[in-house]
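Asker: Below is the file query.txt, with compact mmCIF, N, CA and C atoms and all ligand atoms.
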# COMPACT_ATOMS: atom_id res chain seq x y z
N MET D 5 -20.25 80.56 -91.75
CA MET D 5 -19.11 79.90 -91.14
C MET D 5 -19.54 79.22 -89.85
N GLY D 6 -20.15 78.07 -89.98
CA GLY D 6 -20.55 77.34 -88.78
C GLY D 6 -19.33 76.74 -88.12
N GLY D 7 -19.36 76.63 -86.84
CA GLY D 7 -18.20 76.08 -86.15
C GLY D 7 -18.59 74.93 -85.27
N LEU D 8 -17.59 74.38 -84.65
CA LEU D 8 -17.83 73.25 -83.76
C LEU D 8 -17.73 73.74 -82.33
N GLU D 9 -18.88 73.79 -81.69
CA GLU D 9 -18.90 74.24 -80.30
C GLU D 9 -18.45 73.07 -79.42
N PRO D 10 -17.49 73.30 -78.52
CA PRO D 10 -17.08 72.20 -77.64
C PRO D 10 -18.25 71.73 -76.78
N ALA D 11 -18.21 70.48 -76.38
CA ALA D 11 -19.26 69.94 -75.51
C ALA D 11 -19.31 70.73 -74.20
N ALA D 12 -20.46 70.70 -73.56
CA ALA D 12 -20.64 71.48 -72.33
C ALA D 12 -19.57 71.17 -71.29
N ALA D 13 -19.21 69.89 -71.17
CA ALA D 13 -18.20 69.50 -70.16
C ALA D 13 -16.84 70.11 -70.52
N ALA D 14 -16.52 70.12 -71.80
CA ALA D 14 -15.24 70.69 -72.23
C ALA D 14 -15.24 72.20 -72.01
N ARG D 15 -16.36 72.84 -72.26
CA ARG D 15 -16.45 74.29 -72.03
C ARG D 15 -16.26 74.61 -70.55
N GLN D 16 -16.90 73.84 -69.71
CA GLN D 16 -16.78 74.06 -68.26
C GLN D 16 -15.35 73.82 -67.80
N ALA D 17 -14.72 72.76 -68.33
CA ALA D 17 -13.34 72.44 -67.93
C ALA D 17 -12.40 73.57 -68.34
N LEU D 18 -12.67 74.14 -69.50
CA LEU D 18 -11.82 75.22 -69.99
C LEU D 18 -11.97 76.47 -69.12
N ILE D 19 -13.19 76.76 -68.75
CA ILE D 19 -13.43 77.91 -67.88
C ILE D 19 -12.80 77.66 -66.51
N ALA D 20 -12.90 76.44 -66.02
CA ALA D 20 -12.30 76.10 -64.71
C ALA D 20 -10.78 76.27 -64.78
N ALA D 21 -10.18 75.86 -65.89
CA ALA D 21 -8.72 75.99 -66.03
C ALA D 21 -8.33 77.47 -66.07
N ALA D 22 -9.12 78.27 -66.75
CA ALA D 22 -8.84 79.71 -66.83
C ALA D 22 -8.99 80.37 -65.46
N ALA D 23 -10.02 79.96 -64.74
CA ALA D 23 -10.25 80.52 -63.40
C ALA D 23 -9.12 80.11 -62.45
N ALA D 24 -8.65 78.88 -62.59
CA ALA D 24 -7.59 78.38 -61.70
C ALA D 24 -6.28 79.13 -61.93
N VAL D 25 -5.94 79.34 -63.19
CA VAL D 25 -4.65 79.99 -63.47
C VAL D 25 -4.70 81.49 -63.17
N ARG D 26 -5.90 82.03 -63.17
CA ARG D 26 -6.06 83.47 -62.88
C ARG D 26 -5.49 83.83 -61.50
N VAL D 27 -5.51 82.87 -60.60
CA VAL D 27 -4.95 83.06 -59.26
C VAL D 27 -3.48 83.51 -59.35
N HIS D 28 -2.80 83.09 -60.42
CA HIS D 28 -1.38 83.37 -60.56
C HIS D 28 -1.10 84.60 -61.43
N ALA D 29 -2.14 85.30 -61.81
CA ALA D 29 -1.92 86.51 -62.62
C ALA D 29 -0.99 87.46 -61.87
N TYR D 30 -0.10 88.08 -62.62
CA TYR D 30 0.80 89.07 -62.03
C TYR D 30 0.38 90.42 -62.59
N ALA D 31 -0.44 91.11 -61.81
CA ALA D 31 -1.03 92.36 -62.30
C ALA D 31 -0.95 93.46 -61.24
N PRO D 32 0.27 93.75 -60.74
CA PRO D 32 0.39 94.74 -59.67
C PRO D 32 0.10 96.16 -60.13
N TYR D 33 0.14 96.41 -61.42
CA TYR D 33 -0.03 97.79 -61.91
C TYR D 33 -1.47 98.09 -62.25
N SER D 34 -2.13 97.15 -62.91
CA SER D 34 -3.53 97.41 -63.27
C SER D 34 -4.49 96.83 -62.24
N GLY D 35 -4.06 95.82 -61.52
CA GLY D 35 -4.98 95.13 -60.61
C GLY D 35 -6.02 94.32 -61.37
N PHE D 36 -5.88 94.22 -62.67
CA PHE D 36 -6.85 93.53 -63.53
C PHE D 36 -6.31 92.14 -63.82
N ARG D 37 -6.85 91.18 -63.10
CA ARG D 37 -6.31 89.82 -63.17
C ARG D 37 -7.10 88.99 -64.17
N VAL D 38 -6.37 88.37 -65.07
CA VAL D 38 -7.02 87.61 -66.14
C VAL D 38 -6.41 86.21 -66.22
N GLY D 39 -7.26 85.23 -66.42
CA GLY D 39 -6.81 83.87 -66.69
C GLY D 39 -7.40 83.41 -68.01
N ALA D 40 -6.66 82.63 -68.74
CA ALA D 40 -7.15 82.12 -70.02
C ALA D 40 -6.72 80.68 -70.19
N ALA D 41 -7.52 79.93 -70.92
CA ALA D 41 -7.16 78.54 -71.23
C ALA D 41 -7.60 78.24 -72.65
N VAL D 42 -6.76 77.51 -73.36
CA VAL D 42 -7.10 77.13 -74.73
C VAL D 42 -7.23 75.60 -74.81
N LEU D 43 -8.13 75.19 -75.66
CA LEU D 43 -8.35 73.76 -75.93
C LEU D 43 -7.77 73.46 -77.30
N ALA D 44 -6.81 72.54 -77.34
CA ALA D 44 -6.18 72.18 -78.62
C ALA D 44 -6.91 70.98 -79.22
N GLU D 45 -6.78 70.83 -80.52
CA GLU D 45 -7.32 69.63 -81.17
C GLU D 45 -6.67 68.43 -80.51
N GLY D 46 -7.45 67.45 -80.18
CA GLY D 46 -6.93 66.28 -79.47
C GLY D 46 -7.24 66.35 -77.99
N GLY D 47 -7.68 67.53 -77.53
CA GLY D 47 -8.18 67.63 -76.16
C GLY D 47 -7.25 68.23 -75.12
N ALA D 48 -6.00 68.53 -75.50
CA ALA D 48 -5.08 69.11 -74.51
C ALA D 48 -5.52 70.54 -74.15
N VAL D 49 -5.30 70.90 -72.91
CA VAL D 49 -5.62 72.24 -72.42
C VAL D 49 -4.33 72.93 -71.97
N ALA D 50 -4.14 74.17 -72.36
CA ALA D 50 -3.00 74.97 -71.90
C ALA D 50 -3.54 76.27 -71.33
N ALA D 51 -2.92 76.74 -70.27
CA ALA D 51 -3.46 77.91 -69.57
C ALA D 51 -2.40 78.99 -69.41
N GLY D 52 -2.83 80.21 -69.20
CA GLY D 52 -1.91 81.31 -68.97
C GLY D 52 -2.62 82.46 -68.28
N ALA D 53 -1.83 83.25 -67.59
CA ALA D 53 -2.37 84.43 -66.90
C ALA D 53 -1.62 85.66 -67.41
N ASN D 54 -2.21 86.84 -67.17
CA ASN D 54 -1.49 88.04 -67.60
C ASN D 54 -0.27 88.27 -66.71
N VAL D 55 0.79 88.75 -67.33
CA VAL D 55 2.06 89.00 -66.64
C VAL D 55 2.49 90.42 -66.97
N GLU D 56 2.32 91.31 -66.00
CA GLU D 56 2.67 92.72 -66.21
C GLU D 56 4.14 92.96 -65.91
N ASN D 57 4.57 94.18 -66.22
CA ASN D 57 5.99 94.51 -66.05
C ASN D 57 6.09 95.98 -65.68
N ALA D 58 7.12 96.32 -64.90
CA ALA D 58 7.35 97.71 -64.52
C ALA D 58 7.51 98.58 -65.76
N SER D 59 8.04 98.00 -66.81
CA SER D 59 8.06 98.66 -68.12
C SER D 59 6.76 98.26 -68.80
N TYR D 60 5.72 99.04 -68.63
CA TYR D 60 4.34 98.62 -68.92
C TYR D 60 4.12 97.89 -70.24
N PRO D 61 4.68 98.38 -71.36
CA PRO D 61 4.35 97.71 -72.63
C PRO D 61 4.90 96.29 -72.74
N VAL D 62 5.78 95.93 -71.86
CA VAL D 62 6.38 94.59 -71.91
C VAL D 62 5.41 93.52 -71.40
N GLY D 63 4.42 93.92 -70.65
CA GLY D 63 3.45 92.96 -70.10
C GLY D 63 2.72 92.20 -71.19
N ILE D 64 2.29 90.98 -70.85
CA ILE D 64 1.52 90.20 -71.83
C ILE D 64 0.16 89.81 -71.26
N CYS D 65 -0.77 89.60 -72.17
CA CYS D 65 -2.13 89.22 -71.80
C CYS D 65 -2.19 87.72 -71.47
N ALA D 66 -3.21 87.38 -70.73
CA ALA D 66 -3.44 85.98 -70.37
C ALA D 66 -3.63 85.11 -71.61
N GLU D 67 -4.35 85.61 -72.58
CA GLU D 67 -4.61 84.80 -73.79
C GLU D 67 -3.31 84.51 -74.52
N GLN D 68 -2.44 85.50 -74.57
CA GLN D 68 -1.16 85.30 -75.25
C GLN D 68 -0.33 84.27 -74.51
N ALA D 69 -0.34 84.33 -73.19
CA ALA D 69 0.41 83.36 -72.39
C ALA D 69 -0.15 81.95 -72.61
N ALA D 70 -1.47 81.84 -72.71
CA ALA D 70 -2.10 80.52 -72.92
C ALA D 70 -1.75 79.97 -74.30
N VAL D 71 -1.80 80.83 -75.31
CA VAL D 71 -1.45 80.38 -76.66
C VAL D 71 0.01 79.95 -76.70
N ALA D 72 0.89 80.73 -76.09
CA ALA D 72 2.31 80.38 -76.07
C ALA D 72 2.54 79.04 -75.36
N ALA D 73 1.82 78.80 -74.29
CA ALA D 73 1.96 77.53 -73.56
C ALA D 73 1.50 76.37 -74.43
N ALA D 74 0.42 76.56 -75.17
CA ALA D 74 -0.09 75.50 -76.06
C ALA D 74 0.94 75.20 -77.15
N VAL D 75 1.48 76.23 -77.76
CA VAL D 75 2.45 76.03 -78.84
C VAL D 75 3.71 75.37 -78.29
N ALA D 76 4.12 75.80 -77.11
CA ALA D 76 5.32 75.22 -76.50
C ALA D 76 5.12 73.74 -76.17
N ALA D 77 3.87 73.35 -75.98
CA ALA D 77 3.56 71.94 -75.70
C ALA D 77 3.32 71.16 -76.99
N GLY D 78 3.49 71.84 -78.12
CA GLY D 78 3.39 71.14 -79.40
C GLY D 78 2.04 71.22 -80.08
N HIS D 79 1.16 72.10 -79.58
CA HIS D 79 -0.18 72.20 -80.15
C HIS D 79 -0.32 73.47 -80.99
N ARG D 80 -0.69 73.27 -82.24
CA ARG D 80 -0.82 74.41 -83.15
C ARG D 80 -2.21 74.57 -83.70
N ARG D 81 -3.10 73.67 -83.35
CA ARG D 81 -4.47 73.77 -83.83
C ARG D 81 -5.36 73.98 -82.61
N LEU D 82 -5.86 75.17 -82.45
CA LEU D 82 -6.67 75.50 -81.27
C LEU D 82 -8.14 75.55 -81.65
N GLN D 83 -8.96 75.00 -80.77
CA GLN D 83 -10.40 74.92 -81.04
C GLN D 83 -11.20 75.90 -80.22
N ALA D 84 -10.71 76.20 -79.03
CA ALA D 84 -11.51 77.04 -78.14
C ALA D 84 -10.62 77.76 -77.14
N LEU D 85 -11.12 78.87 -76.67
CA LEU D 85 -10.43 79.63 -75.62
C LEU D 85 -11.46 80.10 -74.60
N ALA D 86 -11.10 80.03 -73.34
CA ALA D 86 -11.94 80.63 -72.30
C ALA D 86 -11.12 81.71 -71.62
N VAL D 87 -11.75 82.81 -71.33
CA VAL D 87 -11.07 83.89 -70.62
C VAL D 87 -11.92 84.29 -69.41
N VAL D 88 -11.26 84.38 -68.27
CA VAL D 88 -11.93 84.70 -67.02
C VAL D 88 -11.29 85.95 -66.44
N SER D 89 -12.10 86.97 -66.24
CA SER D 89 -11.55 88.23 -65.76
C SER D 89 -12.14 88.68 -64.43
N GLY D 90 -13.18 88.00 -64.00
CA GLY D 90 -13.79 88.41 -62.74
C GLY D 90 -14.59 89.68 -62.84
N GLU D 91 -14.75 90.18 -64.06
CA GLU D 91 -15.50 91.42 -64.25
C GLU D 91 -16.93 91.12 -64.65
N ASP D 92 -17.78 92.07 -64.43
CA ASP D 92 -19.16 91.94 -64.88
C ASP D 92 -19.60 93.29 -65.48
N PRO D 93 -19.77 93.38 -66.77
CA PRO D 93 -19.67 92.33 -67.76
C PRO D 93 -18.23 91.87 -67.93
N PRO D 94 -18.05 90.61 -68.32
CA PRO D 94 -16.70 90.08 -68.45
C PRO D 94 -15.95 90.71 -69.60
N ALA D 95 -14.62 90.69 -69.50
CA ALA D 95 -13.81 91.27 -70.57
C ALA D 95 -13.61 90.25 -71.68
N ALA D 96 -13.73 90.72 -72.90
CA ALA D 96 -13.46 89.88 -74.07
C ALA D 96 -11.99 90.09 -74.46
N PRO D 97 -11.42 89.14 -75.19
CA PRO D 97 -10.00 89.27 -75.57
C PRO D 97 -9.72 90.56 -76.33
N CYS D 98 -8.58 91.17 -76.05
CA CYS D 98 -8.21 92.41 -76.73
C CYS D 98 -7.86 92.11 -78.19
N GLY D 99 -7.72 93.13 -78.97
CA GLY D 99 -7.46 92.96 -80.40
C GLY D 99 -6.21 92.18 -80.70
N ALA D 100 -5.14 92.45 -79.95
CA ALA D 100 -3.89 91.73 -80.19
C ALA D 100 -4.06 90.24 -79.92
N CYS D 101 -4.82 89.90 -78.89
CA CYS D 101 -5.04 88.49 -78.56
C CYS D 101 -5.88 87.81 -79.63
N ARG D 102 -6.85 88.52 -80.18
CA ARG D 102 -7.66 87.94 -81.26
C ARG D 102 -6.75 87.60 -82.44
N GLN D 103 -5.85 88.51 -82.75
CA GLN D 103 -4.92 88.28 -83.86
C GLN D 103 -4.02 87.08 -83.56
N MET D 104 -3.56 86.99 -82.34
CA MET D 104 -2.66 85.88 -81.99
C MET D 104 -3.39 84.54 -82.11
N LEU D 105 -4.64 84.51 -81.70
CA LEU D 105 -5.44 83.29 -81.79
C LEU D 105 -5.66 82.88 -83.24
N ALA D 106 -5.88 83.87 -84.10
CA ALA D 106 -6.20 83.59 -85.50
C ALA D 106 -5.09 82.81 -86.19
N GLU D 107 -3.89 82.91 -85.68
CA GLU D 107 -2.75 82.21 -86.28
C GLU D 107 -2.86 80.69 -86.12
N PHE D 108 -3.54 80.27 -85.07
CA PHE D 108 -3.49 78.86 -84.68
C PHE D 108 -4.83 78.13 -84.73
N GLY D 109 -5.69 78.61 -85.57
CA GLY D 109 -6.95 77.90 -85.72
C GLY D 109 -7.68 78.49 -86.89
N ASP D 110 -8.80 77.95 -87.20
CA ASP D 110 -9.56 78.56 -88.28
C ASP D 110 -10.46 79.63 -87.66
N PRO D 111 -11.25 80.31 -88.47
CA PRO D 111 -12.05 81.40 -87.90
C PRO D 111 -13.10 80.94 -86.91
N ARG D 112 -13.24 79.62 -86.81
CA ARG D 112 -14.28 79.11 -85.92
C ARG D 112 -13.76 78.73 -84.55
N ILE D 113 -12.68 79.32 -84.12
CA ILE D 113 -12.27 79.11 -82.73
C ILE D 113 -13.40 79.66 -81.85
N TYR D 114 -13.78 78.85 -80.89
CA TYR D 114 -14.88 79.20 -80.00
C TYR D 114 -14.33 79.96 -78.79
N LEU D 115 -14.91 81.10 -78.51
CA LEU D 115 -14.42 81.93 -77.40
C LEU D 115 -15.49 82.02 -76.32
N ALA D 116 -15.18 81.53 -75.14
CA ALA D 116 -16.09 81.67 -74.00
C ALA D 116 -15.55 82.77 -73.10
N VAL D 117 -16.39 83.72 -72.80
CA VAL D 117 -15.99 84.86 -71.98
C VAL D 117 -16.76 84.74 -70.67
N ALA D 118 -16.01 84.62 -69.58
CA ALA D 118 -16.65 84.35 -68.30
C ALA D 118 -16.33 85.43 -67.28
N GLY D 119 -17.19 85.54 -66.27
CA GLY D 119 -16.94 86.45 -65.15
C GLY D 119 -16.01 85.73 -64.19
N GLU D 120 -16.51 85.30 -63.07
CA GLU D 120 -15.68 84.54 -62.14
C GLU D 120 -15.50 83.11 -62.64
N THR D 121 -16.61 82.48 -62.91
CA THR D 121 -16.55 81.08 -63.37
C THR D 121 -17.62 80.79 -64.42
N GLU D 122 -18.72 81.51 -64.33
CA GLU D 122 -19.84 81.23 -65.21
C GLU D 122 -19.60 81.74 -66.62
N PRO D 123 -19.90 80.92 -67.65
CA PRO D 123 -19.82 81.47 -69.00
C PRO D 123 -20.90 82.53 -69.18
N ARG D 124 -20.53 83.68 -69.65
CA ARG D 124 -21.51 84.75 -69.81
C ARG D 124 -21.80 85.04 -71.28
N GLU D 125 -20.73 84.95 -72.07
CA GLU D 125 -20.87 85.27 -73.49
C GLU D 125 -20.03 84.27 -74.27
N ALA D 126 -20.43 84.04 -75.50
CA ALA D 126 -19.64 83.16 -76.38
C ALA D 126 -19.67 83.71 -77.79
N TYR D 127 -18.57 83.60 -78.45
CA TYR D 127 -18.41 84.11 -79.81
C TYR D 127 -17.60 83.13 -80.63
N TRP D 128 -17.69 83.27 -81.94
CA TRP D 128 -16.70 82.66 -82.82
C TRP D 128 -15.65 83.73 -83.06
N LEU D 129 -14.43 83.28 -83.23
CA LEU D 129 -13.35 84.25 -83.45
C LEU D 129 -13.66 85.18 -84.63
N HIS D 130 -14.24 84.63 -85.69
CA HIS D 130 -14.49 85.48 -86.86
C HIS D 130 -15.50 86.58 -86.58
N GLU D 131 -16.32 86.42 -85.53
CA GLU D 131 -17.25 87.50 -85.16
C GLU D 131 -16.49 88.66 -84.52
N LEU D 132 -15.42 88.33 -83.79
CA LEU D 132 -14.66 89.37 -83.09
C LEU D 132 -13.49 89.89 -83.91
N LEU D 133 -13.14 89.14 -84.95
CA LEU D 133 -12.03 89.54 -85.81
C LEU D 133 -12.38 89.19 -87.26
N PRO D 134 -13.33 89.93 -87.83
CA PRO D 134 -13.72 89.61 -89.20
C PRO D 134 -12.60 89.90 -90.19
N ARG D 135 -12.59 89.13 -91.25
CA ARG D 135 -11.60 89.29 -92.32
C ARG D 135 -10.19 89.46 -91.75
N ALA D 136 -9.81 88.50 -90.96
CA ALA D 136 -8.50 88.57 -90.30
C ALA D 136 -7.36 88.45 -91.29
N PHE D 137 -6.29 89.11 -90.98
CA PHE D 137 -5.02 88.90 -91.68
C PHE D 137 -4.41 87.64 -91.10
N GLY D 138 -3.94 86.76 -91.97
CA GLY D 138 -3.40 85.51 -91.44
C GLY D 138 -2.33 84.91 -92.32
N PRO D 139 -1.89 83.70 -91.97
CA PRO D 139 -0.80 83.05 -92.71
C PRO D 139 -1.05 83.00 -94.21
N ALA D 140 -2.30 82.81 -94.63
CA ALA D 140 -2.58 82.68 -96.06
C ALA D 140 -2.21 83.96 -96.81
N ASP D 141 -2.30 85.09 -96.13
CA ASP D 141 -1.96 86.36 -96.80
C ASP D 141 -0.49 86.45 -97.17
N LEU D 142 0.33 85.66 -96.51
CA LEU D 142 1.77 85.70 -96.77
C LEU D 142 2.23 84.60 -97.72
N GLU D 143 1.30 83.73 -98.09
CA GLU D 143 1.69 82.56 -98.87
C GLU D 143 2.40 82.90 -100.17
N ARG D 144 1.93 83.92 -100.85
CA ARG D 144 2.52 84.30 -102.13
C ARG D 144 3.97 84.74 -101.97
N LYS D 145 4.31 85.19 -100.80
CA LYS D 145 5.67 85.71 -100.57
C LYS D 145 6.65 84.64 -100.13
N ARG D 146 6.12 83.46 -99.82
CA ARG D 146 7.02 82.42 -99.30
C ARG D 146 7.63 81.58 -100.42
N1 LIG C 201 -5.47 91.78 -70.34
C1 LIG C 201 -5.50 90.45 -70.63
O1 LIG C 201 -4.80 89.65 -70.01
N2 LIG C 201 -6.32 90.04 -71.62
C2 LIG C 201 -7.12 90.86 -72.36
O2 LIG C 201 -7.74 90.42 -73.32
C3 LIG C 201 -7.24 92.27 -71.99
C4 LIG C 201 -6.23 92.78 -71.03
C5 LIG C 201 -4.56 92.23 -69.27
C6 LIG C 201 -3.38 93.02 -69.77
C7 LIG C 201 -3.04 93.86 -68.55
O3 LIG C 201 -2.20 93.10 -67.70
C8 LIG C 201 -4.39 94.04 -67.85
O4 LIG C 201 -5.26 93.06 -68.39
C9 LIG C 201 -4.98 95.42 -68.05
O5 LIG C 201 -5.04 95.76 -69.37
Let me see the structure of the file written as structure tokens.
Ligand code: THU
Answerer:
Amino acid sequence: MGGLEPAAAARQALIAAAAAVRVHAYAPYSGFRVGAAVLAEGGAVAAGANVENASYPVGICAEQAAVAAAVAAGHRRLQALAVVSGEDPPAAPCGACRQMLAEFGDPRIYLAVAGETEPREAYWLHELLPRAFGPADLERKR
């Protein structure tokens, strides 16, 4: 499953967008601030940060916020995601976020995982979520 890696400039722009939005993370409970940005087909970028809640399970991850922003802007085909956590080693998207991403792209969504700003690791979504459950699994029921 070969994929299309975004150009270096696009990867850097995506990481920069994730780092910029991370400033707005609302993480008073965990102190773990995350920013994420997704690149849609056609070149649009949408960003999101984690938003925690006093009722802990209500909080959402940065990746989920970024995907929701992209969909709200009319983009349903995502090519890449960058996540910036400021950690070393950097945090990779959680399982729920991998599943959410799988809905809006093929298994070759490119994931850049960065510390503060530097890309540290990169994966294809199918490496982090093999044999994903997705829209095709429901086709027979529709
Ligand atoms: N978090 C994310 O935003 N993305 C991830 O992939 C992992 C975890 C957030 C959720 C919560 O606000 C904080 O990090 C600690 O789990």
Asker: Mind checking which residues fall within 6 Å of Arg26 in chain D, counting only N, CA and C atoms, ignoring those fewer than 3 positions away in the same chain, and posting them as a ChimeraX atom specification?
Answerer: /D:21-23,29,37-40,53
Asker: With 4 Å of padding per side, what axis-aligned box (centre and edge lengths, Å, one decimal) covers all the listed atoms of ligand LIG 201 (chain C)? Give it as JSON.
Answerer:
{"center_x": -5.0, "center_y": 92.7, "center_z": -70.5, "size_x": 13.5, "size_y": 14.1, "size_z": 13.6}
Asker: Show me which residues sit within 6 Å of ligand LIG 201 (chain C) when counting only N, CA and C atoms and all ligand atoms, and put them as a PyMOL selection string.
Answerer: chain D and resi 31+34+36-38+53-56+64-67+96-98
Asker: Using DSSP on the backbone coordinates, identify all residues within chain D classified as helix (DSSP H, G or I); present the result as a PyMOL selection string.
Answerer: chain D and resi 12-26+60-62+66-76+99-106+129-132+139-145
Asker: If you run DSSP over the backbone, which residues in chain D end up strand (DSSP E)? Put them as a VMD selection string.
Answerer: chain D and resid 39 to 44 49 to 53 82 to 88 114 to 118 123 to 128
Asker: Could you check the closest approach to Ala118 in chain D for each of D:Ala24, D:Ala100, D:Ile19, D:Ala12 and tell me which residue wins, using all atoms listed in the file?
Answerer: D:Ile19
Asker: Please indicate the distance in Å from atom N of Asp110 in chain D to atom N of Leu82 in chain D, rounded to one decimal place.
Answerer: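 Value for the atom N of Asp110 in chain D-atom N of Leu82 in chain D distance: 6.2 Å.
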Asker: When you count only C-alpha atoms, which of these residues is closest to Ile113 in chain D: D:Ala136, D:Asp141, D:Leu43, D:Leu18?
Answerer: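 Smallest separation from Ile113 in chain D among the options: D:Leu43.
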Asker: Rounded to one decimal place, report the atom C of Trp128 in chain D-atom N of Leu115 in chain D distance in Å.
Answerer: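 Computing the Euclidean distance for atom C of Trp128 in chain D and atom N of Leu115 in chain D yields 5.3 Å.
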Asker: So how many Å separate CA of Glu120 in chain D and CA of Ala86 in chain D, to one decimal?
Answerer: 11.5 Å
Asker: Quick one: of D:Leu129, D:Val117, D:Val88, D:Ala58, who's nearest to Val25 in chain D, counting only C-alpha atoms?
Answerer: D:Val88
